[in-house]
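A.B. asks: Structure file protein30.cif (mmCIF, C-alpha atoms) right here:
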```cif
data_final
loop_
_atom_site.label_atom_id
_atom_site.label_comp_id
_atom_site.auth_asym_id
_atom_site.auth_seq_id
_atom_site.Cartn_x
_atom_site.Cartn_y
_atom_site.Cartn_z
CA MET A 1 0.00 0.00 0.00
CA ASN A 2 1.48 3.35 -1.00
CA THR A 3 1.63 6.34 1.32
CA LYS A 4 -1.35 8.11 -0.25
CA ARG A 5 -3.59 5.10 0.18
CA LEU A 6 -2.35 4.56 3.73
CA LEU A 7 -3.20 8.16 4.68
CA MET A 8 -6.63 7.78 3.12
CA ALA A 9 -7.27 4.58 5.08
CA VAL A 10 -6.19 6.25 8.33
CA CYS A 11 -8.47 9.24 7.67
CA LEU A 12 -11.44 6.98 6.95
CA ALA A 13 -10.80 5.01 10.13
CA LEU A 14 -10.71 8.22 12.18
CA LEU A 15 -13.87 9.73 10.69
CA PRO A 16 -16.36 8.25 13.21
CA GLY A 17 -14.25 9.43 16.12
CA CYS A 18 -13.84 12.87 14.60
CA ALA A 19 -17.58 13.15 14.04
CA ALA A 20 -18.33 12.15 17.64
CA PHE A 21 -15.75 14.64 18.89
CA GLU A 22 -17.35 17.40 16.82
CA ILE A 23 -20.82 16.53 18.12
CA GLN A 24 -19.61 16.66 21.72
CA GLY A 25 -17.90 19.96 21.01
CA ASP A 26 -21.05 21.52 19.54
CA PHE A 27 -23.11 20.17 22.43
CA GLY A 28 -20.72 21.64 25.01
CA ARG A 29 -20.67 25.00 23.25
CA GLY A 30 -24.46 24.94 23.10
CA ARG A 31 -24.75 24.29 26.83
CA GLN A 32 -22.41 27.14 27.68
CA ALA A 33 -24.37 29.49 25.41
CA LEU A 34 -27.61 28.40 27.08
CA LEU A 35 -26.18 28.95 30.55
CA ARG A 36 -25.01 32.47 29.76
CA GLY A 37 -28.40 33.39 28.30
CA ASP A 38 -27.53 33.23 24.60
CA SER A 39 -30.50 31.05 23.66
CA ALA A 40 -30.36 31.82 19.93
CA GLY A 41 -26.68 30.88 19.80
CA ALA A 42 -27.37 27.73 21.82
CA LEU A 43 -30.11 26.71 19.41
CA GLY A 44 -27.71 26.81 16.48
CA TYR A 45 -25.29 24.43 18.20
CA PHE A 46 -28.02 22.08 19.46
CA GLN A 47 -29.74 21.92 16.09
CA ARG A 48 -26.41 20.98 14.50
CA VAL A 49 -26.05 18.13 17.00
CA ALA A 50 -29.65 17.01 16.38
CA ASP A 51 -29.04 16.97 12.63
CA ALA A 52 -25.89 14.89 13.06
CA ASP A 53 -27.24 12.52 15.73
CA PRO A 54 -31.01 12.75 16.39
CA LYS A 55 -30.72 10.22 19.24
CA PHE A 56 -27.91 11.99 21.08
CA VAL A 57 -28.32 11.81 24.88
CA SER A 58 -26.16 13.71 27.34
CA ASP A 59 -24.36 11.80 30.09
CA HIS A 60 -25.32 14.31 32.77
CA ILE A 61 -26.73 11.99 35.41
CA PRO A 62 -29.21 12.34 37.08
CA LEU A 63 -30.82 14.43 34.33
CA ASN A 64 -29.88 12.59 31.10
CA GLU A 65 -31.53 15.07 28.75
CA ASN A 66 -31.54 14.21 25.08
CA ILE A 67 -30.69 16.67 22.34
CA TRP A 68 -34.32 17.49 21.53
CA THR A 69 -34.78 18.65 25.12
CA TYR A 70 -32.03 21.20 24.58
CA VAL A 71 -33.45 22.22 21.21
CA GLY A 72 -36.85 22.68 22.84
CA ARG A 73 -35.47 24.62 25.79
CA SER A 74 -33.66 26.97 23.42
CA HIS A 75 -36.83 27.57 21.40
CA TYR A 76 -38.70 28.16 24.66
CA GLN A 77 -36.16 30.74 25.79
CA THR A 78 -36.46 32.55 22.45
CA ARG A 79 -40.28 32.48 22.79
CA GLU A 80 -40.75 30.20 19.79
CA TYR A 81 -43.32 28.12 21.61
CA ALA A 82 -44.78 26.15 18.68
CA GLU A 83 -41.26 25.01 17.72
CA ALA A 84 -40.48 24.31 21.39
CA ARG A 85 -43.52 22.07 21.69
CA ARG A 86 -42.57 20.02 18.63
CA ALA A 87 -39.00 19.51 19.87
CA LEU A 88 -40.02 18.68 23.44
CA GLU A 89 -42.65 16.17 22.34
CA LYS A 90 -39.98 14.58 20.16
CA ALA A 91 -37.70 14.46 23.21
CA LEU A 92 -40.36 12.64 25.25
CA ALA A 93 -41.03 10.22 22.40
CA LEU A 94 -37.33 9.36 22.58
CA GLN A 95 -37.21 9.21 26.40
CA SER A 96 -40.47 9.31 28.33
CA GLY A 97 -38.51 9.70 31.59
CA ASP A 98 -36.82 12.94 30.52
CA HIS A 99 -38.31 15.10 33.28
CA MET A 100 -36.63 18.29 32.09
CA ALA A 101 -38.31 17.90 28.69
CA ARG A 102 -41.64 17.38 30.45
CA LEU A 103 -41.15 20.46 32.63
CA TYR A 104 -40.48 22.70 29.64
CA LEU A 105 -43.28 21.09 27.64
CA GLY A 106 -45.72 21.92 30.43
CA MET A 107 -44.56 25.53 30.58
CA THR A 108 -44.69 25.73 26.79
CA LEU A 109 -48.28 24.45 26.71
CA ALA A 110 -49.27 27.04 29.31
CA ARG A 111 -47.74 29.82 27.19
CA LEU A 112 -49.25 28.70 23.89
CA PRO A 113 -52.57 30.24 22.84
CA ALA A 114 -55.62 28.02 23.28
CA PRO A 115 -56.43 25.96 20.17
CA VAL A 116 -59.09 27.34 17.85
CA PRO A 117 -62.27 25.24 18.13
CA LYS A 118 -63.10 23.16 15.06
CA ILE A 119 -66.50 23.02 13.40
CA SER A 120 -69.29 21.66 15.58
CA ALA A 121 -68.97 17.98 16.42
CA LEU A 122 -71.84 15.67 15.55
CA SER A 123 -74.67 15.05 18.01
CA ALA A 124 -76.59 11.78 18.30
CA GLN A 125 -79.49 13.49 16.56
CA ASP A 126 -77.22 14.46 13.63
CA ILE A 127 -76.12 10.85 13.14
CA ALA A 128 -79.64 9.44 13.54
CA PHE A 129 -80.96 11.94 10.97
CA ALA A 130 -78.20 11.04 8.49
CA LEU A 131 -78.96 7.34 8.85
CA ARG A 132 -82.69 7.83 8.36
CA GLU A 133 -81.96 9.87 5.25
CA GLY A 134 -80.22 6.83 3.80
CA ILE A 135 -76.63 8.08 3.97
CA GLU A 136 -74.26 5.12 3.72
CA LEU A 137 -72.73 3.85 6.97
CA GLU A 138 -69.17 4.40 5.76
CA ARG A 139 -69.98 8.00 4.86
CA VAL A 140 -71.47 8.57 8.34
CA ALA A 141 -68.28 7.13 9.88
CA THR A 142 -66.18 9.45 7.72
CA LEU A 143 -68.21 12.47 8.85
CA ALA A 144 -67.76 11.40 12.47
CA ARG A 145 -63.99 11.19 12.01
CA GLU A 146 -63.85 14.58 10.28
CA ARG A 147 -66.06 16.50 12.70
CA GLY A 148 -65.76 14.61 15.97
CA ILE A 149 -68.45 13.33 18.33
CA ALA A 150 -70.19 15.56 20.89
CA PHE A 151 -71.98 12.90 22.95
CA ASP A 152 -71.26 9.84 25.06
CA LEU A 153 -72.59 6.59 23.69
CA SER A 154 -74.93 5.46 26.48
CA ARG A 155 -77.06 2.33 26.14
CA GLU A 156 -80.10 4.47 25.38
CA THR A 157 -78.24 6.44 22.68
CA GLU A 158 -76.82 3.26 21.19
CA ASN A 159 -80.32 1.76 20.92
CA GLN A 160 -81.55 4.99 19.31
CA LEU A 161 -78.81 4.80 16.67
CA ARG A 162 -79.42 1.09 16.05
CA ARG A 163 -83.07 1.82 15.37
CA ALA A 164 -81.96 4.50 12.90
CA GLY A 165 -79.80 1.96 11.04
CA ALA A 166 -76.38 1.92 12.75
CA ASP A 167 -74.49 -1.39 12.83
CA ALA A 168 -71.88 -2.63 15.32
CA ARG A 169 -68.99 -1.42 13.17
CA LEU A 170 -70.32 2.15 13.02
CA LEU A 171 -71.01 2.18 16.76
CA ASP A 172 -67.44 1.03 17.49
CA GLU A 173 -66.14 3.80 15.23
CA ILE A 174 -68.30 6.36 17.07
CA LYS A 175 -66.83 5.19 20.40
CA ASN A 176 -63.28 5.51 19.06
CA VAL A 177 -63.92 8.95 17.60
CA ARG A 178 -65.53 10.12 20.85
CA ALA A 179 -62.48 9.05 22.83
CA GLU A 180 -60.18 10.80 20.36
CA THR A 181 -62.35 13.93 20.36
CA ALA A 182 -62.23 14.08 24.16
CA ARG A 183 -58.46 13.69 24.14
CA LYS A 184 -57.97 16.45 21.58
CA ASN A 185 -60.33 18.77 23.40
CA GLU A 186 -58.60 18.30 26.74
CA ASN A 187 -58.09 21.67 28.33
CA GLN A 188 -54.59 22.79 27.39
CA THR A 189 -54.02 24.46 30.75
CA ALA A 190 -55.06 21.30 32.59
CA ARG A 191 -52.55 19.31 30.55
CA ALA A 192 -49.87 21.91 31.27
CA VAL A 193 -50.53 21.56 35.02
CA LYS A 194 -50.31 17.76 34.79
CA GLU A 195 -47.05 17.83 32.81
CA ILE A 196 -45.37 20.35 35.13
CA ALA A 197 -46.44 18.53 38.29
CA ALA A 198 -45.25 15.16 36.91
CA ALA A 199 -41.93 16.69 35.82
CA LEU A 200 -41.25 18.37 39.14
CA GLY A 201 -42.10 15.20 41.05
CA GLY A 202 -39.80 13.19 38.79
CA LEU A 203 -36.94 15.67 39.14
CA ARG A 204 -37.35 15.70 42.92
CA ASP A 205 -37.36 11.91 43.18
CA ASP A 206 -34.39 11.44 40.84
CA LEU A 207 -32.41 14.12 42.65
CA ASN A 208 -33.14 12.65 46.09
CA SER A 209 -32.21 9.15 44.90
CA PHE A 210 -28.99 10.35 43.27
CA ILE A 211 -27.94 12.33 46.34
CA ALA A 212 -28.62 9.35 48.59
CA THR A 213 -26.91 6.65 46.51
CA ALA A 214 -24.36 8.05 44.05
CA THR A 215 -20.74 8.87 44.79
CA GLN A 216 -21.14 12.31 43.25
CA GLY A 217 -24.50 12.77 44.96
CA ARG A 218 -23.16 14.64 47.98
CA PHE A 219 -21.99 17.42 45.68
CA TRP A 220 -25.47 17.98 44.25
CA ASP A 221 -27.63 20.68 45.84
CA PRO A 222 -25.70 20.56 49.14
CA GLY A 223 -27.69 23.47 50.58
CA GLY A 224 -31.03 22.07 49.46
CA GLU A 225 -32.03 25.25 47.57
CA ILE A 226 -33.05 23.43 44.38
CA ARG A 227 -35.16 20.88 46.23
CA ALA A 228 -36.79 23.64 48.24
CA GLU A 229 -37.72 25.49 45.05
CA ILE A 230 -39.08 22.29 43.50
CA HIS A 231 -41.28 21.91 46.59
CA ASN A 232 -42.41 25.52 46.23
CA ALA A 233 -43.16 25.03 42.51
CA LEU A 234 -45.23 21.93 43.25
CA LYS A 235 -47.35 23.95 45.68
CA LEU A 236 -47.80 26.70 43.10
CA VAL A 237 -48.92 24.36 40.35
CA SER A 238 -51.35 22.49 42.62
CA ALA A 239 -53.18 25.66 43.66
CA ARG A 240 -56.84 25.99 42.67
CA GLU A 241 -56.03 29.17 40.75
CA PRO A 242 -52.39 28.77 39.61
CA ASP A 243 -50.31 31.96 39.45
CA TRP A 244 -48.66 31.30 36.11
CA ASN A 245 -46.10 34.09 36.37
CA LYS A 246 -44.79 32.56 39.59
CA ILE A 247 -44.90 29.05 38.11
CA PHE A 248 -42.90 30.13 35.07
CA ALA A 249 -40.34 31.93 37.24
CA SER A 250 -39.98 28.95 39.56
CA GLY A 251 -39.86 26.32 36.81
CA GLU A 252 -37.32 28.27 34.76
CA TRP A 253 -35.18 28.82 37.88
CA VAL A 254 -35.22 25.07 38.63
CA GLY A 255 -34.28 24.26 35.02
CA LEU A 256 -31.38 26.70 35.00
CA LYS A 257 -30.05 25.75 38.44
CA LEU A 258 -30.12 22.03 37.68
CA GLU A 259 -28.18 22.69 34.49
CA GLU A 260 -25.64 24.77 36.41
CA GLU A 261 -25.42 22.06 39.07
CA ILE A 262 -24.02 19.61 36.53
CA ASP A 263 -20.83 21.68 36.22
CA LEU A 264 -20.71 22.79 39.86
CA ALA A 265 -20.98 19.25 41.20
CA ARG A 266 -18.25 17.96 38.88
CA ARG A 267 -15.99 20.86 39.78
CA ASN A 268 -16.57 20.41 43.53
CA GLU A 269 -16.01 16.66 43.29
CA ALA A 270 -12.73 17.19 41.43
CA GLU A 271 -11.62 19.76 44.01
CA SER A 272 -12.45 17.37 46.85
CA LEU A 273 -10.39 14.60 45.22
CA ARG A 274 -7.50 17.02 44.68
CA ARG A 275 -7.49 17.99 48.37
CA GLN A 276 -7.53 14.33 49.41
CA GLN A 277 -4.53 13.60 47.18
CA VAL A 278 -2.62 16.54 48.63
CA ARG A 279 -3.06 15.11 52.11
#
```
Please rewrite the model in this file as structure tokens.
C.D. replies:
Amino acid sequence: MNTKRLLMAVCLALLPGCAAFEIQGDFGRGRQALLRGDSAGALGYFQRVADADPKFVSDHIPLNENIWTYVGRSHYQTREYAEARRALEKALALQSGDHMARLYLGMTLARLPAPVPKISALSAQDIAFALREGIELERVATLARERGIAFDLSRETENQLRRAGADARLLDEIKNVRAETARKNENQTARAVKEIAAALGGLRDDLNSFIATATQGRFWDPGGEIRAEIHNALKLVSAREPDWNKIFASGEWVGLKLEEEIDLARRNEAESLRRQQVR
């Protein structure tokens, strides 16, 4: 093998390592930009990582955020809430236990405008009328899927529709559409409350477990300020009339401080080891 071919072979062998090194570099630069408040700059780095490795997950135990969490957080900080929602839902599809993604998704949902109502969903009377008019069952099912269902299929209503001409297949479709309609029409604020509460509880539990069991745990939140604020945020979000300005401030503070704690804990652990070696 001549020198030129040898150099080419070496370069090809090193490419995967070089790519991984570049991804880690962009990710680190993105985190530092995020921590200093340069959300737009952070987004550029994180998006580059996501394009190169859509399944990239940080090794920052106990958080373990994936790259879409960071993309979503950056969009959130730049007030691009529709884009934040898409990224954060992608993050949770990748890792359902990513509590930071869930926290920012909840805050994003609370900041998004309420969805515009669609055309009126079908009533039982609408479907019964269509059946009596001789409209084909498949066409009635299609209309139900397009417009949604505005009633619960009780035994009495089911009998009414059967008398009008509905068969078992159409009734099953109506049940499915009703369930889907109810899910889509779930109050956005209620979902935001659920997501934030679940995220805060998950962050609290993971943090407590890590502090109690991990070697590095004693360097995390040594003064208890983060856990105290999580407790405060949980009280805020469980209130009958949530004060959203306070919830946003508390949730964003928790998100930032946990991100800062990654570097602080590592630095304090390294300093502790250095002092032990000096002795």
A.B. asks: For A:Trp244, which of A:Ala33, A:Leu171, A:Arg275, A:Ala110 is the closest residue, counting only C-alpha atoms?
C.D. replies: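 Closest candidate: A:Ala110.
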A.B. asks: Please list, as a PyMOL selection string, the residues that have an atom at most 12 Å away from (-78.5, 10.7, 9.3) in the coordinates of this file, counting all atoms listed in the file.
C.D. replies: chain A and resi 122-141+143-144+160-166
A.B. asks: Hey, which of A:Gly25, A:Pro54, A:Gly37, A:Pro62 ends up closest to A:Trp220? Count all atoms listed in the file.
C.D. replies: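 Looking at the shortest contact to A:Trp220, the residue is A:Pro62.
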A.B. asks: Just give me the gap between atom CA of A:Val237 and atom CA of A:Lys194 in Å, one decimal is fine.
C.D. replies: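 So the answer is 8.7 Å.
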A.B. asks: Using all atoms listed in the file, pick whichever of A:Ser209, A:Gly223, A:Val193, A:Gly148 has the shortest atom-to-atom distance to A:Leu109.
C.D. replies: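 Among A:Ser209, A:Gly223, A:Val193, A:Gly148, it is A:Val193 that comes nearest to A:Leu109.
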A.B. asks: Please report the interatomic distance between atom CA of A:Ile67 and atom CA of A:Ser39 in Å with one decimal.
C.D. replies: 14.4 Å
A.B. asks: Of the candidates A:Phe210, A:Tyr45, A:Phe151, A:Tyr104, which one gets nearest to A:Glu65 if we count all atoms listed in the file?
C.D. replies: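 Selected residue with least distance to A:Glu65: A:Tyr104.
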A.B. asks: Atom CA of A:Arg29 and atom CA of A:Ala82, how far apart in Å?
C.D. replies: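 For atom CA of A:Ala82 relative to atom CA of A:Arg29, the distance reads 24.6 Å.
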A.B. asks: Could you list, with a cut-off of 10 Å and counting only C-alpha atoms, the residues of stretch 3-96 of chain A near stretch 246-266 of chain A, each shown with its nearest atom pair and the distance in Å rounded to one decimal, rows sorted by chain and ascending number, as JSON lines?
C.D. replies:
```
{"residue": "A:Arg31", "atom": "CA", "partner": "A:Glu259", "partner_atom": "CA", "distance": 8.5}
{"residue": "A:Gln32", "atom": "CA", "partner": "A:Glu260", "partner_atom": "CA", "distance": 9.6}
{"residue": "A:Leu34", "atom": "CA", "partner": "A:Leu256", "partner_atom": "CA", "distance": 8.9}
{"residue": "A:Leu35", "atom": "CA", "partner": "A:Leu256", "partner_atom": "CA", "distance": 7.2}
{"residue": "A:Gly37", "atom": "CA", "partner": "A:Leu256", "partner_atom": "CA", "distance": 9.9}
{"residue": "A:His60", "atom": "CA", "partner": "A:Ile262", "partner_atom": "CA", "distance": 6.6}
{"residue": "A:Ile61", "atom": "CA", "partner": "A:Ile262", "partner_atom": "CA", "distance": 8.2}
{"residue": "A:Pro62", "atom": "CA", "partner": "A:Ile262", "partner_atom": "CA", "distance": 8.9}
{"residue": "A:Leu63", "atom": "CA", "partner": "A:Leu258", "partner_atom": "CA", "distance": 8.3}
{"residue": "A:Arg73", "atom": "CA", "partner": "A:Gly255", "partner_atom": "CA", "distance": 9.3}
{"residue": "A:Gln77", "atom": "CA", "partner": "A:Glu252", "partner_atom": "CA", "distance": 9.4}
```
A.B. asks: As a check of understanding, name the residues that the PyMOL selection byres ((chain A and resi 227) around 9) selects in the supplied structure, as a list in words.
C.D. replies: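 Applied to this file, the PyMOL selection byres ((chain A and resi 227) around 9) returns Leu203, Arg204, Leu207, Asn208, Asp221, Gly224, Glu225, Ile226, Ala228, Glu229, Ile230, His231, Asn232 and Val254 of chain A.
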